[in-house]
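K.L.:
Please see the structure below; I have some questions.
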Amino acid sequence: MAVGVDVGGSSIKCALVDLRTGAFASPRVSVPTPAQDSTETLLTALQTVVTNVPGRHAVGLAFPSVIRNGTVRTAANLNKAWIGKSLAVLATDRLQRPVIAINDADAAGLAELRYGAARDVPGTVLLLTLGTGIGSALFVDGKLVPNTEFGHLQVAGREAELRASGRAKVDQNMSWDSWSEQLNLVLKEMHALLWPDLIVLCGGITEEPEKFLDKLRCEARLCVGTLRSEAGIVGAALATTLV
Ligand code: BGC
């Protein structure tokens, strides 16, 4: 068992995870991501969700940034004050138990690879999370290449995540047709550069695949994740066993 926490743009979600199956072993606890996401308010929010989960298990934190050795290195959609902070050390101090930190898309990818849509898939697998930003996780024969940031790839002169994230659809008031066209541009570029065997799409927006999946065109096999919005939590918990 381990606790998984997924820090997203709108909410911080947490649950105890049974690592044999990837299933939740406690109800999911969630709080809104503090509007002033200073390091202190965010740590307090983390403490709130984690102390609401039974037991004192190790914690895996999925965070929307590049994470190297527990330290936050980028902050595209976060308070820039996070850059250079050792999230793992700060959270370990605050929660008084072992904490590891990992990029949120890498966490979702680990979960889909172990328990979900990409289970036992060999070759090159690319997972994209389409949420506040676009996160990416790249696997080669089951091994993660950590901290890929393909959401910031320039696609026809504009960042991929400004074209086809879940937030882009809402902010730019796009229809499913126009959003799917934007996503097609992004998928085309990513495919041309990586030639993956499988692309797995994740994130809240993929909860309604019937709205867009048949509008997508991609040379690689394409599917939506099976763990849906739970993937980040499950992968974060799983990551506690991988370091
Ligand atoms: C960040 C990534 C993150 C993704 C999804 C991007 O803006 O740069 O690190 O994985 O958003 O949250």
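Following the order of the structure tokens, first chain is A, next is B, and so on, with residues numbered from 1 inside each chain and ligands from 1 in the order they appear.
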Could you produce a table of the residues of chain A lying within 7 Å of ligand 1, with the nearest pair of atoms per residue and their separation in Å rounded to one decimal, using only C-alpha atoms and all ligand atoms, ordered by chain and increasing residue number, as CSV?

P.N.:
```
residue,atom,partner,partner_atom_place_in_ligand_line,distance
A:Gly8,CA,ligand 1,12 (O),6.7
A:Pro64,CA,ligand 1,12 (O),4.0
A:Ser65,CA,ligand 1,9 (O),3.3
A:Val66,CA,ligand 1,9 (O),4.9
A:Thr74,CA,ligand 1,8 (O),6.7
A:Ala75,CA,ligand 1,8 (O),6.4
A:Ala76,CA,ligand 1,7 (O),4.7
A:Asn77,CA,ligand 1,7 (O),5.6
A:Asn103,CA,ligand 1,10 (O),5.7
A:Asp104,CA,ligand 1,10 (O),5.1
A:Ala105,CA,ligand 1,10 (O),4.8
A:Thr129,CA,ligand 1,5 (C),6.3
A:Gly131,CA,ligand 1,5 (C),6.5
A:Thr132,CA,ligand 1,12 (O),6.1
A:Gly133,CA,ligand 1,11 (O),4.0
A:Ile134,CA,ligand 1,5 (C),4.7
A:Gly135,CA,ligand 1,4 (C),3.6
A:Ser136,CA,ligand 1,10 (O),6.1
A:Glu149,CA,ligand 1,2 (C),5.9
A:Gly151,CA,ligand 1,6 (C),6.0
A:His152,CA,ligand 1,8 (O),6.9
```

K.L.:
Store the residues picked out above in a file with all heavy atoms, as a CSV table (one decimal), in the first residue's frame.

P.N.:
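The resulting part19.csv:
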```csv
chain,number,residue,atom,x,y,z
A,8,GLY,N,-3.0,18.9,-9.3
A,8,GLY,CA,-3.4,19.4,-10.6
A,8,GLY,C,-3.7,20.9,-10.5
A,8,GLY,O,-3.6,21.5,-9.5
A,64,PRO,N,3.0,18.9,-11.3
A,64,PRO,CA,3.0,19.3,-12.8
A,64,PRO,C,4.3,20.1,-13.2
A,64,PRO,O,4.2,21.2,-13.7
A,64,PRO,CB,1.8,20.2,-12.8
A,64,PRO,CG,1.6,20.8,-11.5
A,64,PRO,CD,2.2,19.8,-10.5
A,65,SER,N,5.4,19.4,-13.0
A,65,SER,CA,6.7,20.1,-13.4
A,65,SER,C,7.8,19.1,-13.6
A,65,SER,O,7.6,17.9,-13.2
A,65,SER,CB,7.1,21.1,-12.3
A,65,SER,OG,7.4,20.3,-11.1
A,66,VAL,N,8.9,19.5,-14.2
A,66,VAL,CA,10.0,18.6,-14.2
A,66,VAL,C,10.5,18.5,-12.8
A,66,VAL,O,10.6,19.4,-12.0
A,66,VAL,CB,11.1,19.3,-15.1
A,66,VAL,CG1,12.5,18.5,-14.9
A,66,VAL,CG2,10.7,19.3,-16.5
A,74,THR,N,10.9,23.2,-13.1
A,74,THR,CA,10.2,24.1,-14.0
A,74,THR,C,8.8,24.4,-13.3
A,74,THR,O,8.4,23.7,-12.4
A,74,THR,CB,9.9,23.4,-15.3
A,74,THR,OG1,9.0,22.3,-15.1
A,74,THR,CG2,11.1,23.0,-16.1
A,75,ALA,N,8.2,25.4,-13.8
A,75,ALA,CA,6.8,25.8,-13.3
A,75,ALA,C,6.0,26.4,-14.3
A,75,ALA,O,5.7,27.6,-14.2
A,75,ALA,CB,7.0,26.6,-12.0
A,76,ALA,N,5.6,25.7,-15.4
A,76,ALA,CA,4.9,26.3,-16.5
A,76,ALA,C,3.5,26.8,-16.0
A,76,ALA,O,3.1,27.9,-16.4
A,76,ALA,CB,4.7,25.3,-17.6
A,77,ASN,N,2.8,26.0,-15.2
A,77,ASN,CA,1.5,26.4,-14.8
A,77,ASN,C,1.4,26.5,-13.2
A,77,ASN,O,0.4,26.2,-12.6
A,77,ASN,CB,0.4,25.4,-15.3
A,77,ASN,CG,0.4,25.4,-16.8
A,77,ASN,OD1,0.1,26.5,-17.4
A,77,ASN,ND2,0.6,24.3,-17.4
A,103,ASN,N,7.1,13.8,-11.8
A,103,ASN,CA,6.3,14.5,-12.8
A,103,ASN,C,4.9,13.9,-12.9
A,103,ASN,O,4.8,12.6,-12.9
A,103,ASN,CB,7.0,14.6,-14.1
A,103,ASN,CG,6.1,15.1,-15.2
A,103,ASN,OD1,5.5,14.3,-15.9
A,103,ASN,ND2,6.0,16.4,-15.3
A,104,ASP,N,3.9,14.7,-13.0
A,104,ASP,CA,2.5,14.1,-13.0
A,104,ASP,C,2.2,13.2,-14.2
A,104,ASP,O,1.5,12.2,-14.1
A,104,ASP,CB,1.4,15.2,-12.9
A,104,ASP,CG,1.6,16.3,-14.0
A,104,ASP,OD1,2.5,16.2,-14.8
A,104,ASP,OD2,0.7,17.2,-14.0
A,105,ALA,N,2.7,13.6,-15.4
A,105,ALA,CA,2.4,12.7,-16.5
A,105,ALA,C,3.2,11.4,-16.5
A,105,ALA,O,2.7,10.4,-16.8
A,105,ALA,CB,2.8,13.5,-17.8
A,129,THR,N,-1.2,13.6,-21.2
A,129,THR,CA,-2.2,14.1,-20.3
A,129,THR,C,-2.7,15.4,-20.8
A,129,THR,O,-1.9,16.4,-21.0
A,129,THR,CB,-1.8,14.2,-18.9
A,129,THR,OG1,-0.8,15.2,-18.7
A,129,THR,CG2,-1.3,12.9,-18.3
A,131,GLY,N,-4.7,18.2,-19.7
A,131,GLY,CA,-5.4,18.8,-18.6
A,131,GLY,C,-5.2,20.3,-18.7
A,131,GLY,O,-5.4,21.0,-19.7
A,132,THR,N,-4.7,20.9,-17.5
A,132,THR,CA,-4.4,22.3,-17.5
A,132,THR,C,-3.3,22.6,-18.5
A,132,THR,O,-3.3,23.6,-19.2
A,132,THR,CB,-3.9,22.7,-16.1
A,132,THR,OG1,-4.9,22.3,-15.2
A,132,THR,CG2,-3.6,24.2,-16.0
A,133,GLY,N,-2.3,21.7,-18.6
A,133,GLY,CA,-1.3,21.8,-19.6
A,133,GLY,C,-1.4,20.5,-20.4
A,133,GLY,O,-2.4,19.7,-20.3
A,134,ILE,N,-0.3,20.2,-21.2
A,134,ILE,CA,-0.2,18.8,-21.8
A,134,ILE,C,1.1,18.2,-21.2
A,134,ILE,O,2.2,18.8,-21.3
A,134,ILE,CB,-0.1,18.8,-23.3
A,134,ILE,CG1,-1.4,19.3,-24.0
A,134,ILE,CG2,0.3,17.4,-23.8
A,134,ILE,CD1,-1.5,19.2,-25.5
A,135,GLY,N,0.9,17.1,-20.5
A,135,GLY,CA,2.0,16.4,-19.9
A,135,GLY,C,2.4,15.2,-20.8
A,135,GLY,O,1.5,14.7,-21.6
A,136,SER,N,3.6,14.8,-20.8
A,136,SER,CA,4.0,13.6,-21.6
A,136,SER,C,4.8,12.6,-20.8
A,136,SER,O,5.5,13.0,-19.9
A,136,SER,CB,4.8,14.1,-22.8
A,136,SER,OG,6.0,14.8,-22.4
A,149,GLU,N,9.0,16.8,-21.9
A,149,GLU,CA,8.1,17.9,-21.8
A,149,GLU,C,7.5,18.3,-23.2
A,149,GLU,O,7.6,19.4,-23.7
A,149,GLU,CB,8.9,19.1,-21.3
A,149,GLU,CG,9.2,19.0,-19.8
A,149,GLU,CD,8.0,19.4,-18.9
A,149,GLU,OE1,7.4,20.4,-19.1
A,149,GLU,OE2,7.7,18.6,-18.0
A,151,GLY,N,4.6,18.7,-24.2
A,151,GLY,CA,3.5,19.6,-24.2
A,151,GLY,C,4.0,21.0,-24.6
A,151,GLY,O,3.2,21.9,-25.0
A,152,HIS,N,5.3,21.2,-24.5
A,152,HIS,CA,5.9,22.6,-24.9
A,152,HIS,C,6.5,22.6,-26.3
A,152,HIS,O,7.1,23.5,-26.7
A,152,HIS,CB,6.9,23.0,-23.8
A,152,HIS,CG,6.3,23.1,-22.4
A,152,HIS,ND1,5.3,24.1,-22.1
A,152,HIS,CD2,6.5,22.4,-21.3
A,152,HIS,CE1,5.0,23.9,-20.9
A,152,HIS,NE2,5.6,22.9,-20.4
```

K.L.:
From the DSSP assignment of the backbone, select every residue of range 207-242 of chain A that is strand (DSSP E), and format the answer as a PDB file with N, CA, C and O atoms, in the first residue's frame.

P.N.:
```
ATOM      1  N   ARG A 221      -1.103   3.630 -33.212  1.00  0.00           N
ATOM      2  CA  ARG A 221      -2.301   3.160 -32.505  1.00  0.00           C
ATOM      3  C   ARG A 221      -2.602   4.168 -31.411  1.00  0.00           C
ATOM      4  O   ARG A 221      -1.696   4.661 -30.734  1.00  0.00           O
ATOM      5  N   LEU A 222      -3.887   4.472 -31.245  1.00  0.00           N
ATOM      6  CA  LEU A 222      -4.294   5.539 -30.328  1.00  0.00           C
ATOM      7  C   LEU A 222      -5.395   5.002 -29.418  1.00  0.00           C
ATOM      8  O   LEU A 222      -6.300   4.333 -29.883  1.00  0.00           O
ATOM      9  N   CYS A 223      -5.307   5.300 -28.125  1.00  0.00           N
ATOM     10  CA  CYS A 223      -6.414   4.912 -27.247  1.00  0.00           C
ATOM     11  C   CYS A 223      -6.488   5.868 -26.071  1.00  0.00           C
ATOM     12  O   CYS A 223      -5.583   6.685 -25.867  1.00  0.00           O
ATOM     13  N   VAL A 224      -7.558   5.782 -25.298  1.00  0.00           N
ATOM     14  CA  VAL A 224      -7.614   6.570 -24.062  1.00  0.00           C
ATOM     15  C   VAL A 224      -7.202   5.663 -22.906  1.00  0.00           C
ATOM     16  O   VAL A 224      -7.355   4.442 -22.964  1.00  0.00           O
TER      17      VAL A 224
END
```

K.L.:
Might you pull out every residue within 7 Å of range 9-12 of chain A, with only C-alpha atoms counted and same-chain residues fewer than 2 positions away left off, and present them as a list in words?

P.N.:
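Answer for this query is Val5, Asp6, Val7, Cys14, Ser30, Val31, Pro32, Thr33 and Thr132 of chain A.
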
K.L.:
Applying 7 Å and only C-alpha atoms, which residues near Leu61 in chain A remain after dropping the ones on its own chain fewer than 4 positions away? List them as a VMD selection string.

P.N.:
chain A and resid 4 to 6 100 to 102 236

K.L.:
I'd like the contact shell of Glu230 in chain A - 10 Å cut-off, only C-alpha atoms, skipping same-chain residues fewer than 4 positions apart - returned as a ChimeraX atom specification.

P.N.:
/A:4-6,13-15,22-24,28,108,111-112,202-204,225-226,234-235

K.L.:
Take the selection from the previous step and output its residues with all heavy atoms, as a compact mmCIF listing (two decimals), in the first residue's frame.

P.N.:
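Final output, saved to selection08.txt:
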```
# COMPACT_ATOMS: atom_id res chain seq x y z
N GLY A 4 -1.08 7.90 -2.89
CA GLY A 4 -0.78 8.65 -4.10
C GLY A 4 -1.46 10.01 -4.04
O GLY A 4 -2.63 10.10 -3.62
N VAL A 5 -0.73 11.05 -4.41
CA VAL A 5 -1.30 12.40 -4.44
C VAL A 5 -1.05 12.98 -5.82
O VAL A 5 0.07 12.90 -6.32
CB VAL A 5 -0.64 13.33 -3.39
CG1 VAL A 5 -1.32 14.69 -3.37
CG2 VAL A 5 -0.66 12.70 -2.00
N ASP A 6 -2.08 13.55 -6.41
CA ASP A 6 -1.94 14.16 -7.73
C ASP A 6 -2.25 15.65 -7.61
O ASP A 6 -3.38 16.02 -7.32
CB ASP A 6 -2.92 13.47 -8.70
CG ASP A 6 -2.69 13.88 -10.15
OD1 ASP A 6 -1.73 14.63 -10.41
OD2 ASP A 6 -3.48 13.45 -11.02
N LYS A 13 -5.70 15.69 -5.48
CA LYS A 13 -6.46 14.46 -5.22
C LYS A 13 -5.56 13.42 -4.60
O LYS A 13 -4.37 13.33 -4.96
CB LYS A 13 -7.03 13.91 -6.54
CG LYS A 13 -7.94 14.89 -7.25
CD LYS A 13 -8.48 14.33 -8.55
CE LYS A 13 -7.44 14.22 -9.63
NZ LYS A 13 -7.33 15.19 -10.63
N CYS A 14 -6.13 12.62 -3.72
CA CYS A 14 -5.29 11.71 -2.95
C CYS A 14 -6.08 10.45 -2.59
O CYS A 14 -7.29 10.52 -2.36
CB CYS A 14 -4.90 12.48 -1.69
SG CYS A 14 -4.06 11.58 -0.43
N ALA A 15 -5.40 9.31 -2.55
CA ALA A 15 -6.04 8.07 -2.09
C ALA A 15 -4.96 7.08 -1.69
O ALA A 15 -3.79 7.20 -2.11
CB ALA A 15 -6.92 7.45 -3.18
N GLY A 22 -3.54 -1.84 -8.23
CA GLY A 22 -3.72 -0.46 -8.70
C GLY A 22 -5.07 0.11 -8.30
O GLY A 22 -5.43 1.22 -8.72
N ALA A 23 -5.82 -0.62 -7.49
CA ALA A 23 -7.15 -0.11 -7.07
C ALA A 23 -7.03 0.77 -5.84
O ALA A 23 -6.10 0.62 -5.05
CB ALA A 23 -8.07 -1.30 -6.77
N PHE A 24 -7.97 1.66 -5.68
CA PHE A 24 -8.00 2.49 -4.47
C PHE A 24 -8.36 1.63 -3.27
O PHE A 24 -9.27 0.80 -3.34
CB PHE A 24 -9.03 3.62 -4.61
CG PHE A 24 -8.61 4.75 -5.48
CD1 PHE A 24 -7.37 4.75 -6.10
CD2 PHE A 24 -9.44 5.86 -5.67
CE1 PHE A 24 -6.97 5.82 -6.92
CE2 PHE A 24 -9.06 6.92 -6.48
CZ PHE A 24 -7.83 6.89 -7.10
N ARG A 28 -11.42 8.51 -2.29
CA ARG A 28 -10.56 9.58 -2.80
C ARG A 28 -10.86 10.86 -2.03
O ARG A 28 -12.01 11.21 -1.83
CB ARG A 28 -10.85 9.77 -4.28
CG ARG A 28 -10.06 10.87 -4.91
CD ARG A 28 -10.00 10.67 -6.38
NE ARG A 28 -11.09 11.38 -7.03
CZ ARG A 28 -11.14 11.58 -8.34
NH1 ARG A 28 -10.20 11.11 -9.13
NH2 ARG A 28 -12.13 12.25 -8.87
N ALA A 108 1.19 9.21 -14.29
CA ALA A 108 0.04 8.63 -15.01
C ALA A 108 0.51 7.53 -15.96
O ALA A 108 -0.12 6.48 -16.09
CB ALA A 108 -0.70 9.73 -15.78
N ALA A 111 1.28 4.27 -14.21
CA ALA A 111 0.05 3.56 -13.84
C ALA A 111 -0.57 2.88 -15.07
O ALA A 111 -0.98 1.72 -15.00
CB ALA A 111 -0.94 4.54 -13.21
N GLU A 112 -0.65 3.58 -16.18
CA GLU A 112 -1.25 2.97 -17.39
C GLU A 112 -0.40 1.81 -17.90
O GLU A 112 -0.91 0.85 -18.47
CB GLU A 112 -1.45 4.02 -18.49
CG GLU A 112 -2.54 5.05 -18.19
CD GLU A 112 -3.96 4.46 -18.19
OE1 GLU A 112 -4.17 3.33 -18.67
OE2 GLU A 112 -4.88 5.16 -17.70
N CYS A 202 -4.79 10.75 -21.81
CA CYS A 202 -5.34 10.74 -20.45
C CYS A 202 -5.79 12.15 -20.07
O CYS A 202 -5.50 13.11 -20.77
CB CYS A 202 -4.27 10.36 -19.44
SG CYS A 202 -3.68 8.72 -19.62
N GLY A 203 -6.40 12.23 -18.90
CA GLY A 203 -6.83 13.53 -18.39
C GLY A 203 -8.34 13.60 -18.40
O GLY A 203 -9.02 12.82 -19.10
N GLY A 204 -8.87 14.54 -17.61
CA GLY A 204 -10.32 14.65 -17.42
C GLY A 204 -11.09 14.65 -18.72
O GLY A 204 -12.14 14.01 -18.85
N GLY A 225 -6.68 6.29 -21.86
CA GLY A 225 -6.24 5.53 -20.69
C GLY A 225 -7.42 4.84 -20.03
O GLY A 225 -8.55 5.33 -20.10
N THR A 226 -7.16 3.71 -19.38
CA THR A 226 -8.27 3.01 -18.73
C THR A 226 -8.43 3.45 -17.27
O THR A 226 -9.47 3.23 -16.67
CB THR A 226 -8.10 1.48 -18.77
OG1 THR A 226 -6.83 1.17 -18.22
CG2 THR A 226 -8.17 0.97 -20.19
N VAL A 234 -2.62 6.81 -8.82
CA VAL A 234 -2.12 5.43 -8.76
C VAL A 234 -0.63 5.39 -9.11
O VAL A 234 0.17 4.72 -8.44
CB VAL A 234 -2.95 4.54 -9.74
CG1 VAL A 234 -2.36 3.14 -9.82
CG2 VAL A 234 -4.40 4.49 -9.29
N GLY A 235 -0.24 6.14 -10.13
CA GLY A 235 1.16 6.16 -10.55
C GLY A 235 2.08 6.79 -9.50
O GLY A 235 3.22 6.37 -9.32
```

K.L.:
In Å to one decimal, how far is CA of Ala107 in chain A from CA of Leu216 in chain A?

P.N.:
24.7 Å

K.L.:
If we count only C-alpha atoms, what is near range 188-194 of chain A at a cut-off of 12 Å, once residues fewer than 3 positions away on the same chain are taken out, given as a ChimeraX atom specification?

P.N.:
/A:123-128,136,138-140,148-160,180-185,197-199,216-222

K.L.:
Using CA of Ala25 in chain A and CA of Leu43 in chain A as the two end points, give the distance in Å to one decimal.

P.N.:
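Rounded to one decimal, the two atoms are 23.4 Å apart.
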
K.L.:
Tell me, in Å to one decimal, how far CA of Glu210 in chain A is from CA of Met174 in chain A.

P.N.:
16.4 Å

K.L.:
If you count only C-alpha atoms, which residues fall within 10 Å of Arg167 in chain A, apart from same-chain ones fewer than 2 positions away, as an MDAnalysis selection string?

P.N.:
chainID A and resid 9 130:134 161:165 169:173 205

K.L.:
Quick one: write out the picked residues with all heavy atoms as a compact mmCIF listing (two decimals), in the first residue's frame?

P.N.:
```txt
# COMPACT_ATOMS: atom_id res chain seq x y z
N GLY A 9 -4.00 21.42 -11.67
CA GLY A 9 -4.27 22.85 -11.75
C GLY A 9 -5.50 23.26 -10.96
O GLY A 9 -5.55 24.35 -10.38
N LEU A 130 -4.04 15.50 -21.06
CA LEU A 130 -4.61 16.71 -21.66
C LEU A 130 -5.42 17.43 -20.59
O LEU A 130 -6.64 17.27 -20.51
CB LEU A 130 -5.49 16.31 -22.85
CG LEU A 130 -4.81 15.38 -23.87
CD1 LEU A 130 -5.81 14.79 -24.84
CD2 LEU A 130 -3.71 16.13 -24.62
N GLY A 131 -4.75 18.16 -19.72
CA GLY A 131 -5.43 18.84 -18.63
C GLY A 131 -5.17 20.33 -18.67
O GLY A 131 -5.37 20.98 -19.71
N THR A 132 -4.70 20.88 -17.54
CA THR A 132 -4.35 22.31 -17.50
C THR A 132 -3.26 22.59 -18.53
O THR A 132 -3.29 23.59 -19.23
CB THR A 132 -3.87 22.69 -16.08
OG1 THR A 132 -4.87 22.30 -15.16
CG2 THR A 132 -3.61 24.17 -15.98
N GLY A 133 -2.29 21.70 -18.59
CA GLY A 133 -1.28 21.76 -19.65
C GLY A 133 -1.36 20.46 -20.44
O GLY A 133 -2.35 19.74 -20.35
N ILE A 134 -0.32 20.18 -21.23
CA ILE A 134 -0.19 18.84 -21.79
C ILE A 134 1.07 18.24 -21.17
O ILE A 134 2.16 18.82 -21.28
CB ILE A 134 -0.09 18.83 -23.33
CG1 ILE A 134 -1.42 19.27 -23.95
CG2 ILE A 134 0.29 17.44 -23.83
CD1 ILE A 134 -1.45 19.20 -25.48
N GLU A 161 0.59 22.66 -25.84
CA GLU A 161 -0.41 22.74 -24.76
C GLU A 161 -1.32 23.95 -24.89
O GLU A 161 -2.41 23.96 -24.33
CB GLU A 161 0.23 22.63 -23.37
CG GLU A 161 0.97 23.82 -22.85
CD GLU A 161 1.39 23.62 -21.37
OE1 GLU A 161 1.58 22.48 -20.92
OE2 GLU A 161 1.54 24.64 -20.70
N LEU A 162 -0.89 24.97 -25.66
CA LEU A 162 -1.79 26.11 -25.90
C LEU A 162 -2.81 25.78 -26.97
O LEU A 162 -3.84 26.43 -27.10
CB LEU A 162 -0.98 27.35 -26.30
CG LEU A 162 0.02 27.83 -25.23
CD1 LEU A 162 0.78 29.04 -25.73
CD2 LEU A 162 -0.72 28.16 -23.93
N ARG A 163 -2.53 24.74 -27.74
CA ARG A 163 -3.47 24.32 -28.78
C ARG A 163 -4.48 23.28 -28.30
O ARG A 163 -5.66 23.39 -28.61
CB ARG A 163 -2.70 23.68 -29.96
CG ARG A 163 -1.87 24.64 -30.76
CD ARG A 163 -1.28 23.91 -31.97
NE ARG A 163 -0.56 24.85 -32.82
CZ ARG A 163 -1.13 25.61 -33.74
NH1 ARG A 163 -2.43 25.55 -33.95
NH2 ARG A 163 -0.40 26.44 -34.46
N ALA A 164 -4.00 22.28 -27.56
CA ALA A 164 -4.86 21.09 -27.41
C ALA A 164 -4.99 20.57 -25.97
O ALA A 164 -5.42 19.44 -25.79
CB ALA A 164 -4.32 19.98 -28.32
N SER A 165 -4.64 21.37 -24.97
CA SER A 165 -4.88 20.91 -23.59
C SER A 165 -6.38 21.00 -23.31
O SER A 165 -7.14 21.63 -24.06
CB SER A 165 -4.11 21.78 -22.60
OG SER A 165 -4.54 23.12 -22.71
N LYS A 169 -9.19 24.09 -24.61
CA LYS A 169 -10.56 23.91 -25.15
C LYS A 169 -11.54 24.83 -24.43
O LYS A 169 -12.36 25.51 -25.07
CB LYS A 169 -11.00 22.46 -25.04
CG LYS A 169 -12.40 22.24 -25.60
CD LYS A 169 -12.83 20.80 -25.56
CE LYS A 169 -14.20 20.61 -26.19
NZ LYS A 169 -15.26 21.43 -25.63
N VAL A 170 -11.43 24.86 -23.10
CA VAL A 170 -12.37 25.68 -22.31
C VAL A 170 -12.08 27.17 -22.52
O VAL A 170 -12.98 27.95 -22.88
CB VAL A 170 -12.24 25.32 -20.81
CG1 VAL A 170 -13.08 26.25 -19.95
CG2 VAL A 170 -12.65 23.86 -20.59
N ASP A 171 -10.81 27.57 -22.34
CA ASP A 171 -10.46 28.99 -22.42
C ASP A 171 -10.76 29.57 -23.79
O ASP A 171 -11.16 30.72 -23.92
CB ASP A 171 -8.96 29.20 -22.13
CG ASP A 171 -8.65 29.05 -20.65
OD1 ASP A 171 -9.61 28.82 -19.87
OD2 ASP A 171 -7.47 29.15 -20.27
N GLN A 172 -10.53 28.77 -24.83
CA GLN A 172 -10.73 29.30 -26.19
C GLN A 172 -12.10 28.90 -26.74
O GLN A 172 -12.37 29.10 -27.92
CB GLN A 172 -9.60 28.81 -27.10
CG GLN A 172 -8.23 29.33 -26.66
CD GLN A 172 -7.08 28.55 -27.30
OE1 GLN A 172 -7.11 28.27 -28.50
NE2 GLN A 172 -6.07 28.20 -26.51
N ASN A 173 -12.93 28.34 -25.83
CA ASN A 173 -14.30 28.04 -26.19
C ASN A 173 -14.41 27.23 -27.49
O ASN A 173 -15.20 27.55 -28.37
CB ASN A 173 -15.04 29.38 -26.34
CG ASN A 173 -16.51 29.20 -26.09
OD1 ASN A 173 -16.93 28.10 -25.71
ND2 ASN A 173 -17.28 30.25 -26.31
N ILE A 205 -10.55 15.34 -19.73
CA ILE A 205 -11.27 15.49 -21.00
C ILE A 205 -11.49 14.15 -21.70
O ILE A 205 -12.43 13.97 -22.47
CB ILE A 205 -10.52 16.50 -21.90
CG1 ILE A 205 -11.46 17.07 -22.95
CG2 ILE A 205 -9.27 15.91 -22.50
CD1 ILE A 205 -10.96 18.34 -23.59
```

K.L.:
Any chance you could list, as number ranges by chain, the residues in range 32-173 of chain A that come up helix (DSSP H, G or I) when DSSP is run on the backbone?

P.N.:
A: 39-51, 80-82, 87-95, 104-115, 150-152, 160-164, 166-171
